[in-house]
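Enquirer: File entry28.cif below, mmCIF, C-alpha atoms and all ligand atoms:
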```cif
data_run
loop_
_atom_site.label_atom_id
_atom_site.label_comp_id
_atom_site.auth_asym_id
_atom_site.auth_seq_id
_atom_site.Cartn_x
_atom_site.Cartn_y
_atom_site.Cartn_z
CA MET A 48 0.00 0.00 0.00
CA PRO A 49 1.53 3.33 -0.96
CA ILE A 50 1.85 5.95 1.77
CA HIS A 51 0.15 8.68 -0.28
CA LEU A 52 -3.52 8.85 -1.22
CA HIS A 53 -5.16 8.96 -4.62
CA THR A 54 -6.52 12.50 -4.85
CA PRO A 55 -9.60 13.83 -6.63
CA LEU A 56 -9.39 15.75 -9.88
CA VAL A 57 -12.09 18.42 -9.83
CA GLU A 58 -13.36 20.67 -12.55
CA SER A 59 -13.26 24.15 -11.08
CA ASP A 60 -16.32 26.17 -12.05
CA PRO A 61 -15.13 29.37 -10.38
CA PHE A 62 -11.71 29.34 -12.11
CA SER A 63 -12.98 28.26 -15.53
CA HIS A 64 -13.94 30.63 -18.35
CA PRO A 65 -16.21 30.16 -21.33
CA GLY A 66 -14.17 27.94 -23.65
CA GLN A 67 -11.70 26.95 -20.96
CA ARG A 68 -12.08 24.37 -18.23
CA VAL A 69 -9.67 24.49 -15.32
CA TRP A 70 -9.04 21.16 -13.58
CA LEU A 71 -7.51 21.02 -10.11
CA LYS A 72 -5.52 18.00 -8.94
CA LEU A 73 -6.16 18.20 -5.21
CA GLU A 74 -2.75 17.30 -3.77
CA ALA A 75 -3.57 19.57 -0.83
CA LEU A 76 -5.70 16.66 0.43
CA GLN A 77 -2.71 14.37 1.04
CA PRO A 78 -2.55 13.50 4.75
CA SER A 79 0.62 15.58 5.19
CA GLY A 80 -1.09 18.48 3.41
CA SER A 81 0.97 18.59 0.22
CA PHE A 82 2.05 16.63 -2.87
CA LYS A 83 5.42 16.05 -1.15
CA LEU A 84 4.04 12.88 0.37
CA ARG A 85 4.04 11.16 -3.03
CA GLY A 86 7.77 11.46 -3.62
CA VAL A 87 8.85 11.44 0.01
CA GLY A 88 6.61 8.46 0.79
CA HIS A 89 8.09 6.53 -2.13
CA ALA A 90 11.68 7.42 -1.21
CA CYS A 91 11.12 6.47 2.45
CA GLU A 92 9.59 3.11 1.47
CA VAL A 93 12.57 2.31 -0.76
CA HIS A 94 15.04 3.26 1.98
CA ALA A 95 13.09 1.20 4.54
CA ALA A 96 13.20 -1.82 2.21
CA ARG A 97 16.97 -1.33 1.89
CA GLY A 98 17.29 -1.52 5.67
CA ALA A 99 17.31 2.11 6.80
CA ARG A 100 16.84 2.42 10.58
CA ARG A 101 16.03 6.14 10.72
CA LEU A 102 14.87 8.87 8.35
CA LEU A 103 16.46 12.33 8.30
CA SER A 104 15.28 15.67 6.96
CA SER A 105 16.47 19.26 7.25
CA SER A 106 13.22 20.79 6.03
CA GLY A 107 11.08 22.83 8.41
CA GLY A 108 8.26 22.76 5.87
CA ASN A 109 6.17 20.34 3.88
CA ALA A 110 9.05 18.00 3.04
CA GLY A 111 9.93 17.55 6.71
CA LEU A 112 6.29 16.96 7.56
CA ALA A 113 5.98 14.37 4.79
CA VAL A 114 9.05 12.54 6.15
CA ALA A 115 7.56 12.67 9.66
CA TYR A 116 4.29 11.21 8.41
CA ALA A 117 6.01 8.53 6.28
CA GLY A 118 8.26 7.53 9.19
CA ARG A 119 5.29 7.04 11.46
CA ARG A 120 3.54 4.92 8.82
CA LEU A 121 6.67 2.80 8.28
CA GLY A 122 7.44 2.50 12.00
CA LEU A 123 10.81 4.25 11.62
CA PRO A 124 12.11 7.06 13.83
CA VAL A 125 12.50 10.46 12.16
CA LEU A 126 14.98 13.22 12.98
CA VAL A 127 14.38 16.69 11.55
CA VAL A 128 16.89 19.51 12.12
CA VAL A 129 15.54 22.98 11.38
CA PRO A 130 16.97 26.49 11.75
CA GLU A 131 15.87 28.94 14.48
CA SER A 132 13.76 30.81 11.94
CA THR A 133 11.31 27.90 11.58
CA ARG A 134 7.92 28.79 12.98
CA GLU A 135 6.24 26.93 15.82
CA TRP A 136 3.32 25.60 13.79
CA PRO A 137 5.19 23.31 11.37
CA LYS A 138 7.45 22.13 14.19
CA SER A 139 4.45 21.10 16.28
CA LEU A 140 2.90 19.31 13.29
CA MET A 141 6.09 17.27 12.85
CA ARG A 142 6.30 16.47 16.58
CA ARG A 143 2.67 15.40 16.50
CA GLN A 144 3.72 12.72 13.97
CA GLY A 145 6.31 11.52 16.46
CA ALA A 146 9.36 13.10 14.80
CA GLU A 147 12.27 14.38 16.87
CA VAL A 148 12.69 18.05 15.92
CA VAL A 149 16.04 19.68 16.73
CA VAL A 150 16.48 23.43 16.29
CA HIS A 151 19.99 24.46 15.26
CA GLY A 152 21.59 27.48 13.58
CA LYS A 153 20.49 30.69 11.93
CA SER A 154 20.09 29.39 8.38
CA TRP A 155 19.06 26.22 6.62
CA MET A 156 22.73 25.64 5.74
CA GLU A 157 23.74 25.51 9.41
CA ALA A 158 20.82 23.20 10.26
CA ASN A 159 21.77 20.92 7.40
CA GLU A 160 25.43 20.80 8.53
CA HIS A 161 24.33 19.87 12.04
CA LEU A 162 22.15 17.10 10.63
CA THR A 163 25.09 15.77 8.62
CA ALA A 164 27.18 15.66 11.82
CA LEU A 165 24.45 13.63 13.60
CA ARG A 166 24.12 11.15 10.76
CA GLN A 167 24.54 7.45 11.61
CA PRO A 168 25.49 4.72 9.09
CA MET A 169 21.96 3.26 8.82
CA ASP A 170 20.21 6.64 8.44
CA ALA A 171 18.56 7.68 5.18
CA PHE A 172 18.60 11.39 4.34
CA ILE A 173 15.53 12.48 2.36
CA HIS A 174 16.23 15.45 0.10
CA PRO A 175 13.31 17.89 -0.36
CA PHE A 176 13.54 18.09 -4.18
CA ASP A 177 16.72 16.73 -5.81
CA ASP A 178 16.38 12.95 -5.94
CA PRO A 179 15.14 10.60 -8.72
CA LEU A 180 13.21 8.59 -6.09
CA LEU A 181 11.17 11.68 -5.27
CA TRP A 182 10.47 12.40 -8.93
CA GLU A 183 9.28 8.83 -9.46
CA GLY A 184 6.84 9.23 -6.58
CA HIS A 185 5.60 12.64 -7.76
CA ALA A 186 5.04 11.22 -11.27
CA SER A 187 2.21 9.06 -9.92
CA MET A 188 -0.07 12.12 -9.72
CA ILE A 189 0.01 12.40 -13.52
CA ALA A 190 -0.59 8.67 -14.09
CA GLU A 191 -3.67 9.18 -11.89
CA ALA A 192 -4.82 12.42 -13.52
CA ALA A 193 -4.62 10.78 -16.96
CA THR A 194 -7.28 8.27 -15.87
CA GLN A 195 -9.51 10.89 -14.22
CA GLY A 196 -9.99 13.63 -16.78
CA PRO A 197 -9.31 14.84 -20.32
CA ARG A 198 -5.88 15.20 -21.90
CA PRO A 199 -4.96 18.79 -20.97
CA ASP A 200 -3.77 21.48 -23.40
CA ALA A 201 -1.48 22.85 -20.70
CA VAL A 202 -0.30 21.84 -17.22
CA VAL A 203 0.37 24.51 -14.57
CA LEU A 204 2.43 24.01 -11.41
CA SER A 205 4.63 25.86 -8.90
CA VAL A 206 8.41 25.55 -8.80
CA GLY A 207 10.62 25.71 -5.72
CA GLY A 208 13.68 23.51 -6.11
CA GLY A 209 12.08 21.82 -9.10
CA GLY A 210 11.27 18.37 -7.71
CA LEU A 211 7.56 18.65 -8.43
CA MET A 212 8.36 19.82 -11.95
CA CYS A 213 10.75 16.90 -12.61
CA GLY A 214 8.20 14.39 -11.36
CA VAL A 215 5.29 15.86 -13.28
CA LEU A 216 7.30 16.01 -16.52
CA GLN A 217 8.40 12.41 -16.02
CA GLY A 218 4.76 11.44 -15.52
CA MET A 219 3.65 13.46 -18.56
CA HIS A 220 6.15 11.67 -20.78
CA ALA A 221 5.04 8.30 -19.39
CA VAL A 222 1.37 8.91 -20.30
CA GLY A 223 2.05 10.37 -23.76
CA TRP A 224 1.67 14.06 -22.89
CA GLN A 225 5.16 14.96 -24.15
CA ASP A 226 3.71 17.67 -26.43
CA VAL A 227 1.65 19.37 -23.68
CA PRO A 228 3.26 22.66 -22.55
CA LEU A 229 4.17 23.02 -18.89
CA VAL A 230 3.66 26.42 -17.28
CA ALA A 231 6.18 26.64 -14.42
CA VAL A 232 5.22 29.35 -11.92
CA GLU A 233 7.33 31.10 -9.28
CA THR A 234 6.72 34.18 -7.17
CA LEU A 235 8.97 37.18 -7.70
CA GLY A 236 11.63 36.90 -5.02
CA ALA A 237 11.75 33.10 -5.30
CA HIS A 238 12.28 32.98 -9.09
CA SER A 239 15.31 30.71 -9.38
CA LEU A 240 13.99 28.81 -12.42
CA ASN A 241 12.96 31.99 -14.25
CA ALA A 242 16.42 33.43 -13.56
CA ALA A 243 18.10 30.28 -14.89
CA VAL A 244 15.99 30.24 -18.06
CA ASP A 245 16.75 33.94 -18.66
CA ALA A 246 20.48 33.43 -18.10
CA GLY A 247 20.69 30.16 -20.05
CA GLN A 248 22.39 28.49 -17.08
CA LEU A 249 21.75 27.65 -13.44
CA VAL A 250 21.61 30.75 -11.24
CA THR A 251 21.84 31.06 -7.44
CA LEU A 252 19.64 33.89 -6.14
CA GLU A 253 21.20 36.21 -3.53
CA ALA A 254 18.24 35.84 -1.20
CA ILE A 255 14.63 34.75 -1.05
CA THR A 256 12.32 37.71 -0.53
CA SER A 257 8.93 36.17 -1.34
CA VAL A 258 6.31 35.16 1.25
CA ALA A 259 5.98 31.85 -0.63
CA THR A 260 8.58 30.19 1.60
CA SER A 261 8.01 26.72 0.13
CA LEU A 262 9.29 28.04 -3.21
CA GLY A 263 12.39 29.39 -1.48
CA ALA A 264 15.15 27.33 -3.11
CA ARG A 265 17.88 29.79 -4.11
CA ARG A 266 18.83 27.45 -6.95
CA VAL A 267 16.78 24.83 -8.79
CA CYS A 268 18.10 21.30 -9.26
CA GLU A 269 20.06 20.59 -12.41
CA ARG A 270 17.49 18.11 -13.76
CA ALA A 271 14.77 20.79 -13.67
CA PHE A 272 16.92 23.12 -15.74
CA GLU A 273 17.74 20.30 -18.20
CA TRP A 274 14.04 19.64 -18.67
CA THR A 275 13.58 23.18 -19.98
CA LYS A 276 15.64 22.11 -23.02
CA GLN A 277 13.76 18.83 -23.52
CA HIS A 278 10.14 19.94 -23.14
CA GLU A 279 8.12 23.10 -23.79
CA VAL A 280 8.45 24.68 -20.33
CA ILE A 281 7.13 28.22 -19.98
CA ALA A 282 8.64 29.80 -16.88
CA THR A 283 6.59 32.69 -15.52
CA THR A 284 6.18 34.69 -12.32
CA VAL A 285 3.38 36.18 -10.23
CA THR A 286 3.64 38.65 -7.37
CA ASP A 287 3.22 37.73 -3.70
CA ASP A 288 -0.02 39.74 -3.70
CA GLU A 289 -1.42 37.71 -6.56
CA ALA A 290 -0.42 34.43 -4.89
CA VAL A 291 -1.97 35.39 -1.53
CA ARG A 292 -5.14 36.65 -3.23
CA ALA A 293 -5.43 33.34 -5.10
CA CYS A 294 -5.14 31.45 -1.79
CA LEU A 295 -8.08 33.39 -0.37
CA ASP A 296 -10.08 32.69 -3.55
CA ILE A 297 -9.27 28.96 -3.31
CA ALA A 298 -10.38 28.98 0.34
CA ASP A 299 -13.64 30.77 -0.47
CA GLU A 300 -14.47 28.88 -3.66
CA HIS A 301 -13.14 25.39 -2.95
CA ARG A 302 -12.99 25.43 0.87
CA ILE A 303 -9.34 24.36 0.87
CA VAL A 304 -6.53 26.28 2.61
CA VAL A 305 -3.18 26.26 0.77
CA GLU A 306 0.11 28.15 0.98
CA PRO A 307 1.04 31.10 -1.27
CA ALA A 308 3.49 28.63 -2.89
CA CYS A 309 0.42 26.86 -4.23
CA GLY A 310 -1.71 29.97 -4.81
CA ALA A 311 0.99 31.09 -7.26
CA ALA A 312 0.08 28.35 -9.75
CA VAL A 313 -3.62 29.13 -9.51
CA ALA A 314 -2.95 32.86 -9.92
CA ALA A 315 -1.02 32.23 -13.15
CA ALA A 316 -3.71 29.87 -14.47
CA VAL A 317 -6.54 32.29 -13.77
CA GLN A 318 -4.76 35.35 -15.18
CA ARG A 319 -3.85 33.58 -18.44
CA ARG A 320 -1.05 36.07 -19.23
CA VAL A 321 0.93 33.17 -20.75
CA PRO A 322 -0.03 32.69 -24.44
CA ALA A 323 -0.03 28.87 -24.04
CA LEU A 324 -2.98 29.26 -21.67
CA GLN A 325 -5.04 31.54 -23.88
CA GLY A 326 -6.09 28.96 -26.47
CA ALA A 327 -6.23 26.03 -24.06
CA SER A 328 -9.60 24.24 -23.69
CA ASN A 329 -8.51 22.15 -20.71
CA VAL A 330 -5.93 23.34 -18.20
CA LEU A 331 -4.63 21.02 -15.48
CA VAL A 332 -3.44 22.85 -12.37
CA ILE A 333 -1.56 21.00 -9.63
CA LEU A 334 -3.05 22.22 -6.36
CA CYS A 335 0.13 21.32 -4.50
CA GLY A 336 -1.14 22.40 -1.03
CA GLY A 337 1.10 23.23 1.95
CA VAL A 338 0.46 23.47 5.68
CA ALA A 339 2.67 26.38 6.74
CA THR A 340 -0.02 29.06 6.46
CA THR A 341 -3.32 28.94 8.31
CA TYR A 342 -6.39 30.77 7.05
CA GLY A 343 -5.68 33.49 9.64
CA ASP A 344 -2.12 33.84 8.30
CA LEU A 345 -3.45 34.32 4.77
CA GLN A 346 -5.85 37.04 5.91
CA ALA A 347 -3.06 38.77 7.85
CA LEU A 348 -0.74 38.59 4.82
CA ALA A 349 -3.39 40.11 2.58
CA ALA A 350 -4.13 42.89 5.11
CA ALA A 351 -0.44 43.70 5.63
CA ARG A 352 0.15 43.94 1.89
CA GLN A 353 -2.86 46.18 1.45
CA GLU A 354 -1.55 48.51 4.15
CA GLU A 355 1.83 48.62 2.42
CA ALA A 356 0.11 49.63 -0.80
CA ILE A 357 -1.66 52.53 0.98
C1 LIG B 1 7.78 21.87 -1.94
C2 LIG B 1 6.64 22.67 -2.37
C3 LIG B 1 6.62 23.34 -3.60
C4 LIG B 1 7.79 23.34 -4.53
O1 LIG B 1 8.19 22.04 -4.91
P1 LIG B 1 9.65 21.80 -5.49
O2 LIG B 1 9.69 20.34 -5.70
O3 LIG B 1 10.62 22.27 -4.46
O4 LIG B 1 9.74 22.58 -6.74
C5 LIG B 1 5.49 24.04 -3.94
N1 LIG B 1 4.43 24.09 -3.13
C6 LIG B 1 4.39 23.46 -1.95
C7 LIG B 1 3.19 23.58 -1.11
C8 LIG B 1 5.49 22.73 -1.52
O5 LIG B 1 5.45 22.09 -0.35
#
```
Transcribe the structure of this file into structure tokens.
Ligand SMILES: *Cc1c(COP(=O)(O)O)cnc(C)c1O

Expert:
Amino acid sequence: MPIHLHTPLVESDPFSHPGQRVWLKLEALQPSGSFKLRGVGHACEVHAARGARRLLSSSGGNAGLAVAYAGRRLGLPVLVVVPESTREWPKSLMRRQGAEVVVHGKSWMEANEHLTALRQPMDAFIHPFDDPLLWEGHASMIAEAATQGPRPDAVVLSVGGGGLMCGVLQGMHAVGWQDVPLVAVETLGAHSLNAAVDAGQLVTLEAITSVATSLGARRVCERAFEWTKQHEVIATTVTDDEAVRACLDIADEHRIVVEPACGAAVAAAVQRRVPALQGASNVLVILCGGVATTYGDLQALAAARQEEAI
């Protein structure tokens, strides 16, 4: 039995237009709250079968929570090391799954170094986005979507480190969607894929300034950048405001709370600024989810941004 769930594919009336149906793959409904459980669950199962005694993560977000959930399901202890900047809410969600959460260092880099120092020979480290095992697990959402709805004219998703993108493209090629354009969305301030595509090579951003913290990889994985040369990938950006606004719309219209990291993809799909979306009859949007923001957080973010504007 896989650790992730099969998720519904729903036709979104509120986000559709005459002549264009928008389909949402509801990855937000995974038990850990995001698509990460597909890839992480698969990777953890493989490592458990190879004899791993403990699972390690240095993510204070959805990847860490997915490892915590998978570890509990597999009966393996989980150690997560996060930096001091990690908020209380995700830490308590991971502890609730039985994970040991250690706080160390000012930045993710310091937390990750500490984790490396604690590593035992039979431990398996689960990377948040750069691992073929993860991509294989993420690909299952496309195999599923292909049996649930029409062949899309475009697929829209968010990009952080690019793991979701690698998995979805792998899945698209497996089901014969190799000619379907992929719209890869980032927020401004977390636009490491857009920067790489513009520069024609991998780029490391100076800093992450977006509120979409789950998109906050300063550099995308190499495989994600390679894909942009092997498939029609349209990299685009939205603002934090647009992403937050989309989250509130998703909450009102579909009664699902997601992070700005996920709202970004919906914002791009609904705005249709990308030409590939303008003639598309069926658009598949990956509603990737995320647990780091509560509904109250989203309202506060929207209010703060409005005040800034005034
Ligand atoms: C991890 C994550 C992303 C980005 O996925 P990558 O594989 O890092 O590109 C987007 N949205 C949510 C909610 C996430 O948890």

Enquirer: Go through segment 262-311 of chain A residue by residue and, counting only C-alpha atoms, keep those with an atom at most 12 Å from segment 205-216 of chain A; for each kept residue give the shortest atom pair and its distance in Å to one decimal, ordered by chain and increasing number, as JSON lines.

Expert:
```
{"residue": "A:Leu262", "atom": "CA", "partner": "A:Gly207", "partner_atom": "CA", "distance": 3.7}
{"residue": "A:Gly263", "atom": "CA", "partner": "A:Gly207", "partner_atom": "CA", "distance": 5.9}
{"residue": "A:Ala264", "atom": "CA", "partner": "A:Gly208", "partner_atom": "CA", "distance": 5.1}
{"residue": "A:Arg265", "atom": "CA", "partner": "A:Gly208", "partner_atom": "CA", "distance": 7.8}
{"residue": "A:Arg266", "atom": "CA", "partner": "A:Gly208", "partner_atom": "CA", "distance": 6.5}
{"residue": "A:Val267", "atom": "CA", "partner": "A:Gly208", "partner_atom": "CA", "distance": 4.3}
{"residue": "A:Cys268", "atom": "CA", "partner": "A:Gly208", "partner_atom": "CA", "distance": 5.9}
{"residue": "A:Glu269", "atom": "CA", "partner": "A:Gly209", "partner_atom": "CA", "distance": 8.7}
{"residue": "A:Arg270", "atom": "CA", "partner": "A:Cys213", "partner_atom": "CA", "distance": 6.9}
{"residue": "A:Ala271", "atom": "CA", "partner": "A:Gly209", "partner_atom": "CA", "distance": 5.4}
{"residue": "A:Phe272", "atom": "CA", "partner": "A:Gly209", "partner_atom": "CA", "distance": 8.3}
{"residue": "A:Glu273", "atom": "CA", "partner": "A:Cys213", "partner_atom": "CA", "distance": 9.6}
{"residue": "A:Trp274", "atom": "CA", "partner": "A:Cys213", "partner_atom": "CA", "distance": 7.4}
{"residue": "A:Thr275", "atom": "CA", "partner": "A:Cys213", "partner_atom": "CA", "distance": 10.1}
{"residue": "A:Gln277", "atom": "CA", "partner": "A:Leu216", "partner_atom": "CA", "distance": 9.9}
{"residue": "A:His278", "atom": "CA", "partner": "A:Leu216", "partner_atom": "CA", "distance": 8.2}
{"residue": "A:Glu279", "atom": "CA", "partner": "A:Leu216", "partner_atom": "CA", "distance": 10.2}
{"residue": "A:Val280", "atom": "CA", "partner": "A:Leu216", "partner_atom": "CA", "distance": 9.5}
{"residue": "A:Ile281", "atom": "CA", "partner": "A:Val206", "partner_atom": "CA", "distance": 11.6}
{"residue": "A:Ala282", "atom": "CA", "partner": "A:Val206", "partner_atom": "CA", "distance": 9.1}
{"residue": "A:Thr283", "atom": "CA", "partner": "A:Ser205", "partner_atom": "CA", "distance": 9.7}
{"residue": "A:Thr284", "atom": "CA", "partner": "A:Ser205", "partner_atom": "CA", "distance": 9.6}
{"residue": "A:Val285", "atom": "CA", "partner": "A:Ser205", "partner_atom": "CA", "distance": 10.5}
{"residue": "A:Ala290", "atom": "CA", "partner": "A:Ser205", "partner_atom": "CA", "distance": 10.7}
{"residue": "A:Glu306", "atom": "CA", "partner": "A:Ser205", "partner_atom": "CA", "distance": 11.1}
{"residue": "A:Pro307", "atom": "CA", "partner": "A:Ser205", "partner_atom": "CA", "distance": 9.9}
{"residue": "A:Ala308", "atom": "CA", "partner": "A:Ser205", "partner_atom": "CA", "distance": 6.7}
{"residue": "A:Cys309", "atom": "CA", "partner": "A:Ser205", "partner_atom": "CA", "distance": 6.4}
{"residue": "A:Gly310", "atom": "CA", "partner": "A:Ser205", "partner_atom": "CA", "distance": 8.6}
{"residue": "A:Ala311", "atom": "CA", "partner": "A:Ser205", "partner_atom": "CA", "distance": 6.6}
```

Enquirer: Which polymer residues have any atom within 12 Å of an atom of Pro130 of chain A, counting only C-alpha atoms, with same-chain residues fewer than 3 positions away left out, as a PDB file with C-alpha atoms, in the coordinates of the input?

Expert:
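Generated file (result06.pdb):
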```pdb
ATOM      1  CA  SER A 104      15.280  15.670   6.960  1.00  0.00           C
ATOM      2  CA  SER A 105      16.470  19.260   7.250  1.00  0.00           C
ATOM      3  CA  SER A 106      13.220  20.790   6.030  1.00  0.00           C
ATOM      4  CA  GLY A 107      11.080  22.830   8.410  1.00  0.00           C
ATOM      5  CA  GLY A 108       8.260  22.760   5.870  1.00  0.00           C
ATOM      6  CA  VAL A 127      14.380  16.690  11.550  1.00  0.00           C
ATOM      7  CA  THR A 133      11.310  27.900  11.580  1.00  0.00           C
ATOM      8  CA  ARG A 134       7.920  28.790  12.980  1.00  0.00           C
ATOM      9  CA  GLU A 135       6.240  26.930  15.820  1.00  0.00           C
ATOM     10  CA  LYS A 138       7.450  22.130  14.190  1.00  0.00           C
ATOM     11  CA  VAL A 148      12.690  18.050  15.920  1.00  0.00           C
ATOM     12  CA  VAL A 149      16.040  19.680  16.730  1.00  0.00           C
ATOM     13  CA  VAL A 150      16.480  23.430  16.290  1.00  0.00           C
ATOM     14  CA  HIS A 151      19.990  24.460  15.260  1.00  0.00           C
ATOM     15  CA  GLY A 152      21.590  27.480  13.580  1.00  0.00           C
ATOM     16  CA  LYS A 153      20.490  30.690  11.930  1.00  0.00           C
ATOM     17  CA  SER A 154      20.090  29.390   8.380  1.00  0.00           C
ATOM     18  CA  TRP A 155      19.060  26.220   6.620  1.00  0.00           C
ATOM     19  CA  MET A 156      22.730  25.640   5.740  1.00  0.00           C
ATOM     20  CA  GLU A 157      23.740  25.510   9.410  1.00  0.00           C
ATOM     21  CA  ALA A 158      20.820  23.200  10.260  1.00  0.00           C
ATOM     22  CA  ASN A 159      21.770  20.920   7.400  1.00  0.00           C
ATOM     23  CA  GLU A 160      25.430  20.800   8.530  1.00  0.00           C
ATOM     24  CA  HIS A 161      24.330  19.870  12.040  1.00  0.00           C
ATOM     25  CA  LEU A 162      22.150  17.100  10.630  1.00  0.00           C
TER      26      LEU A 162
END
```

Enquirer: Quick one, how far is atom CA of Gln225 of chain A from atom O1 of ligand LIG 1 (chain B)?

Expert: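 If I compute the distance from atom CA of Gln225 of chain A to atom O1 of ligand LIG 1 (chain B), I get 20.7 Å.
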
Enquirer: Which polymer residues have any atom within 12 Å of an atom of His64 of chain A, counting all atoms listed in the file, with same-chain residues fewer than 3 positions away left out, as a PyMOL selection string?

Expert: chain A and resi 58-61+67-70+316-319+324-330

Enquirer: Could you check which of A:Thr286, A:Thr54, A:Ser81, A:Thr194 is closest to Val232 of chain A, using only C-alpha atoms?

Expert: A:Thr286

Enquirer: Out of A:Ala259, A:Ala351, A:Leu123, A:Leu71, which residue has the shortest atom-to-atom distance to ligand LIG 1 (chain B) when counting all atoms listed in the file?

Expert: A:Ala259

Enquirer: Record the distance separating atom CA of Ile173 of chain A and atom CA of Ile50 of chain A, expressed in Å with one decimal.

Expert: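 Interatomic distance, atom CA of Ile173 of chain A to atom CA of Ile50 of chain A: 15.2 Å.
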
Enquirer: When you count only C-alpha atoms and all ligand atoms, which of these residues is closest to ligand LIG 1 (chain B): A:Ala298, A:Ala246, A:Ala90, A:Ala113?

Expert: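 So, comparing all the options, the nearest one is A:Ala113.
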
Enquirer: Using only C-alpha atoms, can you tell me which of A:Ala323, A:Ala164, A:Leu252, A:Ala339 comes closest to Val305 of chain A?

Expert: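 Using only C-alpha atoms, Val305 of chain A sits closest to A:Ala339.
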
Enquirer: To one decimal place in Å, what is the distance between atom CA of Arg198 of chain A and atom P1 of ligand LIG 1 (chain B)?

Expert: 23.5 Å

Enquirer: Of the candidates A:Val222, A:Val321, A:Val128, A:Ala115, which shows the shortest atom-to-atom distance to Lys83 of chain A, using all atoms listed in the file?

Expert: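 Checking each candidate against Lys83 of chain A, we get A:Ala115 as the closest.
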
Enquirer: Smallest atom-to-atom distance to ligand LIG 1 (chain B): which of A:Ala110, A:Leu126, A:Met141, A:Ala146, using all atoms listed in the file?

Expert: A:Ala110

Enquirer: Quick one: residues within 10 Å of Met219 of chain A, only C-alpha atoms, excluding same-chain residues fewer than 2 positions away - as a list in words?

Expert: Ala186, Ser187, Met188, Ile189, Ala190, Ala192, Ala193, Val202, Cys213, Gly214, Val215, Leu216, Gln217, Ala221, Val222, Gly223, Trp224, Gln225, Asp226, Val227 and Leu229 of chain A

Enquirer: Neighbours of Val114 of chain A within 8 Å (all atoms listed in the file; same-chain residues fewer than 4 positions away dropped), as a ChimeraX atom specification?

Expert: /A:84,87-88,91,102-104,110,118,125,173

Enquirer: Any idea what's packed within 7 Å of Ile333 of chain A, counting all atoms listed in the file, ignoring anything in its chain fewer than 4 positions away? Could you give it as a ChimeraX atom specification?

Expert: /A:71-73,203-204

Enquirer: At a cut-off of 7 Å from (8.2, 9.8, -7.4) in the coordinates of the file, what residues are picked up using only C-alpha atoms, written as JSON, numbers by chain?

Expert: {"A": [85, 86, 89, 180, 181, 182, 183, 184, 185, 186, 187, 214]}
